[in-house]
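model_2.cif (mmCIF, C-alpha atoms) appears below.
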```cif
data_structure
#
loop_
_atom_site.group_PDB
_atom_site.id
_atom_site.type_symbol
_atom_site.label_atom_id
_atom_site.label_comp_id
_atom_site.auth_asym_id
_atom_site.auth_seq_id
_atom_site.Cartn_x
_atom_site.Cartn_y
_atom_site.Cartn_z
ATOM 1 C CA MET T 1 11.905 27.833 -46.745
ATOM 2 C CA GLU T 2 8.544 26.241 -47.157
ATOM 3 C CA THR T 3 9.676 24.116 -50.098
ATOM 4 C CA ILE T 4 12.589 22.706 -48.101
ATOM 5 C CA ASN T 5 10.194 21.757 -45.320
ATOM 6 C CA ASP T 6 7.864 20.169 -47.838
ATOM 7 C CA LYS T 7 10.721 18.119 -49.274
ATOM 8 C CA ALA T 8 11.770 17.005 -45.792
ATOM 9 C CA GLU T 9 8.170 16.070 -45.034
ATOM 10 C CA GLU T 10 8.038 14.050 -48.237
ATOM 11 C CA GLY T 11 11.199 12.144 -47.341
ATOM 12 C CA ARG T 12 9.818 11.195 -43.958
ATOM 13 C CA SER T 13 6.447 9.953 -45.119
ATOM 14 C CA ASP T 14 6.310 6.193 -45.458
ATOM 15 C CA TYR T 15 2.904 5.081 -46.654
ATOM 16 C CA LYS T 16 3.496 1.331 -46.399
ATOM 17 C CA GLY T 17 5.226 1.619 -43.030
ATOM 18 C CA ALA T 18 2.386 3.712 -41.609
ATOM 19 C CA LYS T 19 -0.192 1.193 -42.794
ATOM 20 C CA LEU T 20 1.717 -1.808 -41.443
ATOM 21 C CA GLY T 21 2.205 -0.063 -38.099
ATOM 22 C CA MET T 22 -1.527 0.593 -37.840
ATOM 23 C CA TRP T 23 -2.289 -3.047 -38.620
ATOM 24 C CA PHE T 24 0.132 -4.192 -35.900
ATOM 25 C CA PHE T 25 -1.786 -2.022 -33.439
ATOM 26 C CA LEU T 26 -5.091 -3.437 -34.670
ATOM 27 C CA ILE T 27 -3.758 -6.967 -34.159
ATOM 28 C CA THR T 28 -3.079 -6.230 -30.493
ATOM 29 C CA GLU T 29 -6.698 -5.014 -30.389
ATOM 30 C CA ILE T 30 -7.966 -8.200 -32.099
ATOM 31 C CA LEU T 31 -6.224 -10.319 -29.442
ATOM 32 C CA PHE T 32 -7.423 -8.020 -26.637
ATOM 33 C CA PHE T 33 -11.087 -8.276 -27.661
ATOM 34 C CA GLY T 34 -10.615 -11.881 -28.827
ATOM 35 C CA VAL T 35 -9.814 -13.089 -25.338
ATOM 36 C CA MET T 36 -12.965 -11.402 -23.995
ATOM 37 C CA PHE T 37 -15.009 -13.187 -26.682
ATOM 38 C CA MET T 38 -13.327 -16.395 -25.531
ATOM 39 C CA LEU T 39 -14.397 -15.750 -21.920
ATOM 40 C CA TYR T 40 -17.933 -15.169 -23.160
ATOM 41 C CA SER T 41 -17.980 -18.456 -25.122
ATOM 42 C CA VAL T 42 -16.554 -20.528 -22.273
ATOM 43 C CA ASN T 43 -19.078 -19.160 -19.789
ATOM 44 C CA ARG T 44 -21.911 -19.498 -22.259
ATOM 45 C CA SER T 45 -21.096 -23.177 -22.783
ATOM 46 C CA LYS T 46 -21.044 -23.647 -18.993
ATOM 47 C CA TYR T 47 -24.285 -21.760 -18.224
ATOM 48 C CA PRO T 48 -26.399 -21.924 -21.433
ATOM 49 C CA HIS T 49 -29.729 -21.560 -19.622
ATOM 50 C CA ALA T 50 -28.740 -18.531 -17.519
ATOM 51 C CA PHE T 51 -27.291 -16.788 -20.602
ATOM 52 C CA HIS T 52 -30.562 -17.473 -22.419
ATOM 53 C CA ILE T 53 -32.659 -15.924 -19.608
ATOM 54 C CA ALA T 54 -30.347 -12.920 -19.183
ATOM 55 C CA ALA T 55 -30.136 -12.114 -22.917
ATOM 56 C CA LEU T 56 -33.952 -11.849 -23.051
ATOM 57 C CA GLU T 57 -33.647 -8.745 -20.830
ATOM 58 C CA GLU T 58 -31.566 -6.898 -23.425
ATOM 59 C CA ASN T 59 -33.192 -4.088 -25.375
ATOM 60 C CA LEU T 60 -33.230 -5.389 -28.961
ATOM 61 C CA VAL T 61 -34.516 -2.099 -30.393
ATOM 62 C CA ILE T 62 -31.645 0.007 -29.017
ATOM 63 C CA GLY T 63 -29.167 -2.722 -30.028
ATOM 64 C CA SER T 64 -30.475 -2.815 -33.607
ATOM 65 C CA VAL T 65 -30.580 0.978 -33.945
ATOM 66 C CA ASN T 66 -26.992 1.201 -32.705
ATOM 67 C CA THR T 67 -25.921 -1.470 -35.206
ATOM 68 C CA ILE T 68 -27.404 0.539 -38.066
ATOM 69 C CA ILE T 69 -25.812 3.757 -36.738
ATOM 70 C CA LEU T 70 -22.355 2.201 -36.472
ATOM 71 C CA ILE T 71 -22.501 0.531 -39.907
ATOM 72 C CA THR T 72 -23.599 3.819 -41.470
ATOM 73 C CA SER T 73 -20.815 5.718 -39.686
ATOM 74 C CA SER T 74 -18.301 3.233 -41.122
ATOM 75 C CA PHE T 75 -19.797 3.940 -44.537
ATOM 76 C CA THR T 76 -19.390 7.740 -44.210
ATOM 77 C CA MET T 77 -15.834 7.240 -42.892
ATOM 78 C CA ALA T 78 -14.932 5.144 -45.967
ATOM 79 C CA LEU T 79 -16.544 7.739 -48.262
ATOM 80 C CA SER T 80 -14.549 10.579 -46.662
ATOM 81 C CA ILE T 81 -11.281 8.908 -47.748
ATOM 82 C CA THR T 82 -12.399 8.614 -51.376
ATOM 83 C CA ALA T 83 -13.540 12.261 -51.220
ATOM 84 C CA ILE T 84 -10.184 13.581 -49.964
ATOM 85 C CA ARG T 85 -8.267 11.483 -52.502
ATOM 86 C CA ARG T 86 -10.337 13.056 -55.252
ATOM 87 C CA GLY T 87 -9.409 16.453 -53.817
ATOM 88 C CA ASN T 88 -12.882 17.226 -52.465
ATOM 89 C CA LYS T 89 -11.933 18.751 -49.113
ATOM 90 C CA MET T 90 -15.355 20.063 -48.112
ATOM 91 C CA LEU T 91 -17.202 16.811 -48.900
ATOM 92 C CA SER T 92 -14.598 14.850 -46.958
ATOM 93 C CA SER T 93 -14.958 17.214 -43.969
ATOM 94 C CA TRP T 94 -18.748 16.915 -43.956
ATOM 95 C CA LEU T 95 -18.506 13.122 -44.121
ATOM 96 C CA GLN T 96 -16.067 13.086 -41.209
ATOM 97 C CA LEU T 97 -18.418 15.330 -39.245
ATOM 98 C CA ALA T 98 -21.304 12.941 -40.022
ATOM 99 C CA THR T 99 -19.188 10.062 -38.680
ATOM 100 C CA ILE T 100 -18.524 11.980 -35.454
ATOM 101 C CA VAL T 101 -22.229 12.825 -35.031
ATOM 102 C CA MET T 102 -23.220 9.155 -35.480
ATOM 103 C CA ALA T 103 -20.558 8.063 -32.998
ATOM 104 C CA CYS T 104 -22.082 10.505 -30.476
ATOM 105 C CA LEU T 105 -25.580 9.139 -31.188
ATOM 106 C CA PHE T 106 -24.277 5.631 -30.530
ATOM 107 C CA LEU T 107 -22.966 6.690 -27.119
ATOM 108 C CA ILE T 108 -26.180 8.566 -26.255
ATOM 109 C CA ASN T 109 -28.181 5.380 -26.957
ATOM 110 C CA LYS T 110 -25.693 3.444 -24.851
ATOM 111 C CA TYR T 111 -26.251 5.939 -22.018
ATOM 112 C CA PHE T 112 -30.029 5.368 -22.096
ATOM 113 C CA GLU T 113 -29.553 1.617 -22.312
ATOM 114 C CA TRP T 114 -27.178 1.462 -19.355
ATOM 115 C CA SER T 115 -29.156 3.861 -17.191
ATOM 116 C CA ALA T 116 -32.342 1.805 -17.753
ATOM 117 C CA LYS T 117 -30.458 -1.247 -16.493
ATOM 118 C CA ILE T 118 -28.939 0.570 -13.554
ATOM 119 C CA ARG T 119 -32.410 1.834 -12.582
ATOM 120 C CA LEU T 120 -33.517 -1.813 -12.440
ATOM 121 C CA GLY T 121 -30.644 -2.396 -10.046
ATOM 122 C CA ILE T 122 -28.551 -4.353 -12.540
ATOM 123 C CA TYR T 123 -24.953 -3.158 -12.418
ATOM 124 C CA PRO T 124 -21.730 -4.916 -11.424
ATOM 125 C CA ALA T 125 -21.887 -6.243 -7.839
ATOM 126 C CA SER T 126 -25.341 -4.727 -7.225
ATOM 127 C CA PRO T 127 -27.459 -6.455 -4.534
ATOM 128 C CA ALA T 128 -30.213 -7.291 -7.075
ATOM 129 C CA LEU T 129 -27.706 -8.867 -9.444
ATOM 130 C CA LEU T 130 -25.917 -10.904 -6.779
ATOM 131 C CA GLN T 131 -29.210 -12.592 -5.850
ATOM 132 C CA LYS T 132 -29.484 -13.989 -9.361
ATOM 133 C CA ASP T 133 -28.027 -17.190 -10.734
ATOM 134 C CA LYS T 134 -24.223 -17.314 -11.132
ATOM 135 C CA GLY T 135 -24.505 -17.589 -14.930
ATOM 136 C CA GLU T 136 -26.625 -14.437 -15.106
ATOM 137 C CA VAL T 137 -24.121 -12.546 -12.958
ATOM 138 C CA LEU T 138 -21.405 -13.615 -15.422
ATOM 139 C CA PHE T 139 -23.540 -12.574 -18.398
ATOM 140 C CA TYR T 140 -24.061 -9.059 -17.042
ATOM 141 C CA SER T 141 -20.417 -8.708 -15.963
ATOM 142 C CA LEU T 142 -19.309 -9.622 -19.497
ATOM 143 C CA TYR T 143 -21.977 -7.309 -20.917
ATOM 144 C CA TYR T 144 -20.746 -4.309 -18.919
ATOM 145 C CA VAL T 145 -17.046 -4.997 -19.504
ATOM 146 C CA MET T 146 -17.301 -5.739 -23.234
ATOM 147 C CA THR T 147 -19.786 -3.043 -24.254
ATOM 148 C CA GLY T 148 -18.013 -0.658 -21.840
ATOM 149 C CA ILE T 149 -14.593 -1.166 -23.400
ATOM 150 C CA HIS T 150 -16.171 -1.006 -26.853
ATOM 151 C CA GLY T 151 -17.901 2.250 -25.874
ATOM 152 C CA PHE T 152 -14.542 3.618 -24.681
ATOM 153 C CA HIS T 153 -13.139 2.797 -28.134
ATOM 154 C CA VAL T 154 -16.013 4.761 -29.701
ATOM 155 C CA LEU T 155 -15.165 7.703 -27.410
ATOM 156 C CA VAL T 156 -11.485 7.551 -28.459
ATOM 157 C CA GLY T 157 -12.673 7.346 -32.095
ATOM 158 C CA ILE T 158 -14.623 10.602 -31.673
ATOM 159 C CA GLY T 159 -11.443 12.297 -30.451
ATOM 160 C CA VAL T 160 -9.256 10.910 -33.241
ATOM 161 C CA ILE T 161 -11.733 11.641 -36.057
ATOM 162 C CA SER T 162 -12.196 15.198 -34.697
ATOM 163 C CA THR T 163 -8.416 15.659 -34.883
ATOM 164 C CA MET T 164 -8.460 14.371 -38.480
ATOM 165 C CA LEU T 165 -11.276 16.796 -39.307
ATOM 166 C CA PHE T 166 -9.089 19.613 -37.970
ATOM 167 C CA PHE T 167 -6.129 18.391 -40.084
ATOM 168 C CA THR T 168 -8.364 18.134 -43.164
ATOM 169 C CA LEU T 169 -9.620 21.698 -42.712
ATOM 170 C CA LYS T 170 -5.999 22.882 -42.220
ATOM 171 C CA GLU T 171 -5.089 20.911 -45.381
ATOM 172 C CA LYS T 172 -2.520 18.834 -43.509
ATOM 173 C CA ILE T 173 -4.539 15.954 -44.906
ATOM 174 C CA ASN T 174 -4.972 16.332 -48.650
ATOM 175 C CA SER T 175 -5.212 14.310 -51.850
ATOM 176 C CA GLU T 176 -1.454 13.569 -51.712
ATOM 177 C CA SER T 177 -1.037 12.895 -47.988
ATOM 178 C CA PHE T 178 -3.973 10.978 -46.562
ATOM 179 C CA VAL T 179 -2.530 8.012 -44.685
ATOM 180 C CA LYS T 180 -3.499 9.546 -41.303
ATOM 181 C CA LEU T 181 -7.125 9.615 -42.342
ATOM 182 C CA GLU T 182 -6.903 6.142 -43.853
ATOM 183 C CA ASN T 183 -5.440 4.704 -40.624
ATOM 184 C CA THR T 184 -8.157 6.447 -38.615
ATOM 185 C CA GLY T 185 -10.616 4.749 -40.950
ATOM 186 C CA LEU T 186 -9.007 1.368 -40.242
ATOM 187 C CA TYR T 187 -9.444 1.960 -36.498
ATOM 188 C CA TRP T 188 -13.052 3.022 -36.922
ATOM 189 C CA HIS T 189 -13.923 -0.005 -39.096
ATOM 190 C CA PHE T 190 -12.290 -2.249 -36.493
ATOM 191 C CA VAL T 191 -14.556 -0.758 -33.802
ATOM 192 C CA ASP T 192 -17.481 -1.483 -36.157
ATOM 193 C CA ILE T 193 -16.402 -5.136 -36.563
ATOM 194 C CA VAL T 194 -16.239 -5.617 -32.783
ATOM 195 C CA TRP T 195 -19.825 -4.357 -32.524
ATOM 196 C CA ILE T 196 -20.869 -6.655 -35.417
ATOM 197 C CA TYR T 197 -19.935 -9.582 -33.117
ATOM 198 C CA LEU T 198 -21.165 -8.035 -29.843
ATOM 199 C CA PHE T 199 -24.641 -7.386 -31.236
ATOM 200 C CA PRO T 200 -25.700 -11.016 -31.950
ATOM 201 C CA LEU T 201 -23.984 -12.372 -28.841
ATOM 202 C CA PHE T 202 -25.696 -10.055 -26.354
ATOM 203 C CA TYR T 203 -28.939 -9.049 -28.064
ATOM 204 C CA LEU T 204 -29.961 -11.766 -30.517
ATOM 205 C CA VAL T 205 -28.868 -15.181 -29.362
ATOM 206 C CA THR T 206 -31.378 -15.873 -26.596
ATOM 207 C CA MET X 1 -1.692 -4.579 -60.428
ATOM 208 C CA GLU X 2 -3.262 -1.768 -58.474
ATOM 209 C CA ASP X 3 -2.318 -1.498 -54.812
ATOM 210 C CA ALA X 4 -3.782 0.314 -51.816
ATOM 211 C CA ARG X 5 -1.665 3.433 -52.484
ATOM 212 C CA THR X 6 -3.007 3.967 -55.995
ATOM 213 C CA HIS X 7 -6.461 2.426 -55.899
ATOM 214 C CA ILE X 8 -9.398 4.733 -55.141
ATOM 215 C CA THR X 9 -12.618 2.877 -54.308
ATOM 216 C CA ASP X 10 -15.575 4.694 -55.846
ATOM 217 C CA TYR X 11 -18.612 5.877 -53.906
ATOM 218 C CA LYS X 12 -20.854 3.328 -55.617
ATOM 219 C CA THR X 13 -18.851 0.309 -54.374
ATOM 220 C CA TYR X 14 -19.088 1.614 -50.803
ATOM 221 C CA ALA X 15 -22.843 2.153 -51.224
ATOM 222 C CA PHE X 16 -23.299 -1.475 -52.331
ATOM 223 C CA VAL X 17 -21.271 -2.736 -49.355
ATOM 224 C CA TRP X 18 -23.311 -0.536 -46.994
ATOM 225 C CA ALA X 19 -26.579 -1.887 -48.440
ATOM 226 C CA GLY X 20 -25.222 -5.429 -48.100
ATOM 227 C CA LEU X 21 -24.342 -4.822 -44.446
ATOM 228 C CA LEU X 22 -27.830 -3.467 -43.705
ATOM 229 C CA LEU X 23 -29.447 -6.467 -45.440
ATOM 230 C CA LEU X 24 -27.325 -8.893 -43.417
ATOM 231 C CA THR X 25 -28.288 -7.009 -40.227
ATOM 232 C CA ALA X 26 -31.981 -7.416 -41.089
ATOM 233 C CA LEU X 27 -31.365 -11.105 -41.807
ATOM 234 C CA THR X 28 -29.577 -11.710 -38.507
ATOM 235 C CA ILE X 29 -32.365 -9.983 -36.528
ATOM 236 C CA THR X 30 -34.934 -12.198 -38.305
ATOM 237 C CA VAL X 31 -32.935 -15.348 -37.574
ATOM 238 C CA GLY X 32 -32.542 -14.265 -33.938
ATOM 239 C CA ALA X 33 -36.315 -13.796 -33.623
ATOM 240 C CA MET X 34 -37.004 -17.307 -34.943
ATOM 241 C CA HIS X 35 -35.593 -18.906 -31.743
ATOM 242 C CA LEU X 36 -33.767 -21.758 -33.417
ATOM 243 C CA SER X 37 -32.019 -22.432 -30.070
ATOM 244 C CA ARG X 38 -28.672 -24.093 -30.754
ATOM 245 C CA TYR X 39 -28.543 -23.260 -34.445
ATOM 246 C CA SER X 40 -29.293 -19.565 -33.990
ATOM 247 C CA VAL X 41 -25.846 -19.048 -32.373
ATOM 248 C CA LEU X 42 -24.112 -20.661 -35.330
ATOM 249 C CA ILE X 43 -26.205 -18.882 -37.982
ATOM 250 C CA CYS X 44 -25.870 -15.461 -36.293
ATOM 251 C CA LEU X 45 -22.104 -15.887 -35.937
ATOM 252 C CA ALA X 46 -21.825 -16.974 -39.593
ATOM 253 C CA ILE X 47 -23.761 -13.846 -40.661
ATOM 254 C CA ALA X 48 -21.560 -11.681 -38.397
ATOM 255 C CA SER X 49 -18.463 -13.173 -40.040
ATOM 256 C CA CYS X 50 -19.842 -12.363 -43.518
ATOM 257 C CA LYS X 51 -20.359 -8.769 -42.359
ATOM 258 C CA ALA X 52 -16.849 -8.603 -40.889
ATOM 259 C CA LEU X 53 -15.413 -9.968 -44.145
ATOM 260 C CA LEU X 54 -17.267 -7.302 -46.166
ATOM 261 C CA VAL X 55 -15.910 -4.545 -43.893
ATOM 262 C CA LEU X 56 -12.357 -5.946 -44.041
ATOM 263 C CA THR X 57 -12.348 -6.445 -47.815
ATOM 264 C CA TYR X 58 -13.892 -3.171 -48.952
ATOM 265 C CA PHE X 59 -13.996 -0.585 -46.140
ATOM 266 C CA MET X 60 -10.538 -1.574 -44.873
ATOM 267 C CA HIS X 61 -9.176 -2.052 -48.421
ATOM 268 C CA LEU X 62 -7.704 -5.486 -47.712
ATOM 269 C CA ARG X 63 -8.493 -6.446 -51.293
ATOM 270 C CA TYR X 64 -5.782 -4.096 -52.468
ATOM 271 C CA GLU X 65 -3.176 -4.819 -49.789
ATOM 272 C CA GLY X 66 -0.074 -6.894 -50.385
ATOM 273 C CA ALA X 67 0.845 -10.312 -49.025
ATOM 274 C CA LEU X 68 2.637 -8.842 -45.972
ATOM 275 C CA ILE X 69 -0.399 -7.220 -44.348
ATOM 276 C CA LYS X 70 -2.714 -10.089 -45.336
ATOM 277 C CA GLY X 71 -0.208 -12.588 -43.901
ATOM 278 C CA VAL X 72 0.139 -10.673 -40.625
ATOM 279 C CA ILE X 73 -3.651 -10.588 -40.168
ATOM 280 C CA PHE X 74 -3.959 -14.271 -41.052
ATOM 281 C CA MET X 75 -1.333 -15.179 -38.429
ATOM 282 C CA ALA X 76 -3.153 -13.103 -35.779
ATOM 283 C CA ILE X 77 -6.489 -14.786 -36.476
ATOM 284 C CA LEU X 78 -4.807 -18.214 -36.537
ATOM 285 C CA THR X 79 -3.161 -17.487 -33.160
ATOM 286 C CA LEU X 80 -6.479 -16.415 -31.662
ATOM 287 C CA THR X 81 -8.185 -19.549 -33.041
ATOM 288 C CA VAL X 82 -5.502 -21.775 -31.476
ATOM 289 C CA ILE X 83 -5.795 -19.976 -28.104
ATOM 290 C CA ILE X 84 -9.599 -20.313 -28.097
ATOM 291 C CA GLY X 85 -9.452 -23.908 -29.362
ATOM 292 C CA LEU X 86 -6.965 -25.042 -26.715
ATOM 293 C CA THR X 87 -8.971 -23.282 -23.992
ATOM 294 C CA PHE X 88 -12.104 -25.172 -25.029
ATOM 295 C CA VAL X 89 -10.226 -28.476 -25.044
ATOM 296 C CA ASP X 90 -9.163 -27.656 -21.477
ATOM 297 C CA VAL X 91 -12.713 -26.712 -20.403
ATOM 298 C CA TRP X 92 -14.377 -29.778 -21.968
ATOM 299 C CA TYR X 93 -11.896 -32.516 -21.024
ATOM 300 C CA ARG X 94 -10.699 -31.291 -17.676
#
```
Since I need it in another form, could you write the structure as structure tokens?
Amino acid sequence: METINDKAEEGRSDYKGAKLGMWFFLITEILFFGVMFMLYSVNRSKYPHAFHIAALEENLVIGSVNTIILITSSFTMALSITAIRRGNKMLSSWLQLATIVMACLFLINKYFEWSAKIRLGIYPASPALLQKDKGEVLFYSLYYVMTGIHGFHVLVGIGVISTMLFFTLKEKINSESFVKLENTGLYWHFVDIVWIYLFPLFYLVT
Amino acid sequence: MEDARTHITDYKTYAFVWAGLLLLTALTITVGAMHLSRYSVLICLAIASCKALLVLTYFMHLRYEGALIKGVIFMAILTLTVIIGLTFVDVWYR
């Protein structure tokens, strides 16, 4: 019975199709984030001075630490795929767990960063913010929307990688069938790339 | 030729890419701290694009993908460039 199921499973798996499908999804994501980057650029070219002043308020230390965390989590994610393909289930599981832990650390830092801002009275449509220059209001609106949606993607990533960890431990993901984990990796690296652009635009370019 | 299904990237390659990404991060923070005004935007975005290219090529295995996936990604980036370009033309010459 089990062998028949295995054969059926084999017939249904389509490595190239699964990969292409994932890339189509990522392209919708590229366009989705791309348009927000466009809004940022247009408003920056209109209000260069206000963007300069507002970006000085950003916490460079937290931004840099989060960049290092996210790059390292991408690294462990990539390693976990090589590990499972070489049949090393436990190493792959530990690496996936490390990725999840770093994703959580990223969000914890984000929590401290946002709450420090909110304590200063800077949040969308707050009285303190509305008294500022129009360009600064736009900067902070873009900051909250873009890092917020990126943070949501990190949260979704935690859920998806946890599911993959479960599948790996159950040996649903193994050295022969690993496209689920590989596609999860693609998603996670995409989230990393978005942050690679967000970091200089909000924290560095002042 | 090897493709994405058969190629297994070794741990060492990933470690080099990771080190490269950290170096570029250090570089971009340094450039940002130098306050080069107009140029710092361009330099930081160029560094970010190098980092994105490293992630795409090695972490996302694009190096070993076929023409179909590469072509689809190229078209998406081209489309986005046209959208952003036309928007800027509208903003500047309105």
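With distances restricted to all atoms listed in the file, X:Ile69 is the closest residue to chain T from X:Ile69, X:Gly20, X:Arg63, X:Thr57.
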| message | Between T:Tyr40, T:Phe75, T:Phe112, T:Phe166, which residue has the minimum interatomic distance to Leu198 (chain T), considering only C-alpha atoms? | response | T:Tyr40
| Using the chain letters and numbers from the file, which residues does the PyMOL selection byres ((chain X and resi 61) around 10) grab, as a list of chain:residue names? |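 Output from the PyMOL selection byres ((chain X and resi 61) around 10), applied to this file: T:Ala78, T:Glu182, T:Leu186, X:Asp3, X:Ala4, X:His7, X:Ile8, X:Thr9, X:Leu54, X:Val55, X:Leu56, X:Thr57, X:Tyr58, X:Phe59, X:Met60, X:Leu62, X:Arg63, X:Tyr64, X:Glu65.
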Please identify all residues of chain X having at least one atom at most 8 Å from any atom of chain T, considering only C-alpha atoms, and return them as a PDB file with C-alpha atoms, keeping the file's coordinate frame.
```pdb
ATOM      1  CA  ARG X   5      -1.665   3.433 -52.484  1.00  0.00           C
ATOM      2  CA  ILE X   8      -9.398   4.733 -55.141  1.00  0.00           C
ATOM      3  CA  THR X   9     -12.618   2.877 -54.308  1.00  0.00           C
ATOM      4  CA  ASP X  10     -15.575   4.694 -55.846  1.00  0.00           C
ATOM      5  CA  TYR X  11     -18.612   5.877 -53.906  1.00  0.00           C
ATOM      6  CA  TYR X  14     -19.088   1.614 -50.803  1.00  0.00           C
ATOM      7  CA  ALA X  15     -22.843   2.153 -51.224  1.00  0.00           C
ATOM      8  CA  TRP X  18     -23.311  -0.536 -46.994  1.00  0.00           C
ATOM      9  CA  LEU X  21     -24.342  -4.822 -44.446  1.00  0.00           C
ATOM     10  CA  LEU X  22     -27.830  -3.467 -43.705  1.00  0.00           C
ATOM     11  CA  THR X  25     -28.288  -7.009 -40.227  1.00  0.00           C
ATOM     12  CA  THR X  28     -29.577 -11.710 -38.507  1.00  0.00           C
ATOM     13  CA  ILE X  29     -32.365  -9.983 -36.528  1.00  0.00           C
ATOM     14  CA  GLY X  32     -32.542 -14.265 -33.938  1.00  0.00           C
ATOM     15  CA  ALA X  33     -36.315 -13.796 -33.623  1.00  0.00           C
ATOM     16  CA  HIS X  35     -35.593 -18.906 -31.743  1.00  0.00           C
ATOM     17  CA  SER X  37     -32.019 -22.432 -30.070  1.00  0.00           C
ATOM     18  CA  SER X  40     -29.293 -19.565 -33.990  1.00  0.00           C
ATOM     19  CA  VAL X  41     -25.846 -19.048 -32.373  1.00  0.00           C
ATOM     20  CA  CYS X  44     -25.870 -15.461 -36.293  1.00  0.00           C
ATOM     21  CA  LEU X  45     -22.104 -15.887 -35.937  1.00  0.00           C
ATOM     22  CA  ALA X  48     -21.560 -11.681 -38.397  1.00  0.00           C
ATOM     23  CA  SER X  49     -18.463 -13.173 -40.040  1.00  0.00           C
ATOM     24  CA  LYS X  51     -20.359  -8.769 -42.359  1.00  0.00           C
ATOM     25  CA  ALA X  52     -16.849  -8.603 -40.889  1.00  0.00           C
ATOM     26  CA  VAL X  55     -15.910  -4.545 -43.893  1.00  0.00           C
ATOM     27  CA  LEU X  56     -12.357  -5.946 -44.041  1.00  0.00           C
ATOM     28  CA  PHE X  59     -13.996  -0.585 -46.140  1.00  0.00           C
ATOM     29  CA  MET X  60     -10.538  -1.574 -44.873  1.00  0.00           C
ATOM     30  CA  ILE X  69      -0.399  -7.220 -44.348  1.00  0.00           C
ATOM     31  CA  ILE X  73      -3.651 -10.588 -40.168  1.00  0.00           C
ATOM     32  CA  ALA X  76      -3.153 -13.103 -35.779  1.00  0.00           C
ATOM     33  CA  LEU X  80      -6.479 -16.415 -31.662  1.00  0.00           C
ATOM     34  CA  ILE X  84      -9.599 -20.313 -28.097  1.00  0.00           C
ATOM     35  CA  PHE X  88     -12.104 -25.172 -25.029  1.00  0.00           C
ATOM     36  CA  VAL X  91     -12.713 -26.712 -20.403  1.00  0.00           C
TER      37      VAL X  91
END
```
Taking all atoms of region 17-21 of chain X that the file lists and extending 6 Å past them on each side, where is the centre of the axis-aligned box and how long are its edges? Answer in Å to one decimal, as AutoDock Vina command-line options.
```
--center_x -23.9 --center_y -3.0 --center_z -46.9 --size_x 17.3 --size_y 16.9 --size_z 16.9
```
| query | Which is closer to Gly87 (chain T) than all the others in T:Ile173, T:Val191, T:Ile149, T:Leu165, using only C-alpha atoms? | reply |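 Among the listed residues, the smallest separation from Gly87 (chain T) belongs to T:Ile173.
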| said: Can you measure CA of Gly135 (chain T) to CA of Ala50 (chain T) for me? One decimal in Å is fine. | reply: 5.1 Å
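Coordinates place CA of Val65 (chain T) at a distance of 8.5 Å from CA of Phe106 (chain T).
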| query | Which protein, DNA or RNA residues are at most 12 Å from (-18.9, -6.1, -12.0) in the file's coordinates when you count all atoms listed in the file, listed as JSON, numbers by chain? | reply | {"T": [122, 123, 124, 125, 126, 127, 129, 130, 136, 137, 138, 139, 140, 141, 142, 143, 144, 145, 146, 148]}
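The coordinates place CA of Met22 (chain T) at 9.8 Å from CA of Lys180 (chain T).
For the point (-19.1, 12.7, -37.9), the residues with an atom at a distance of at most 9 Å are T:Ser73, T:Thr76, T:Met77, T:Ser93, T:Trp94, T:Leu95, T:Gln96, T:Leu97, T:Ala98, T:Thr99, T:Ile100, T:Val101, T:Met102, T:Ala103, T:Cys104, T:Ile158, T:Ile161, T:Ser162, T:Leu165, counting only C-alpha atoms.
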| Which residue of T:Ser177, T:Asn59, T:Thr184, T:Ser115 approaches Val160 (chain T) most closely, using only C-alpha atoms |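 For Val160 (chain T), the nearest of the given residues is T:Thr184.
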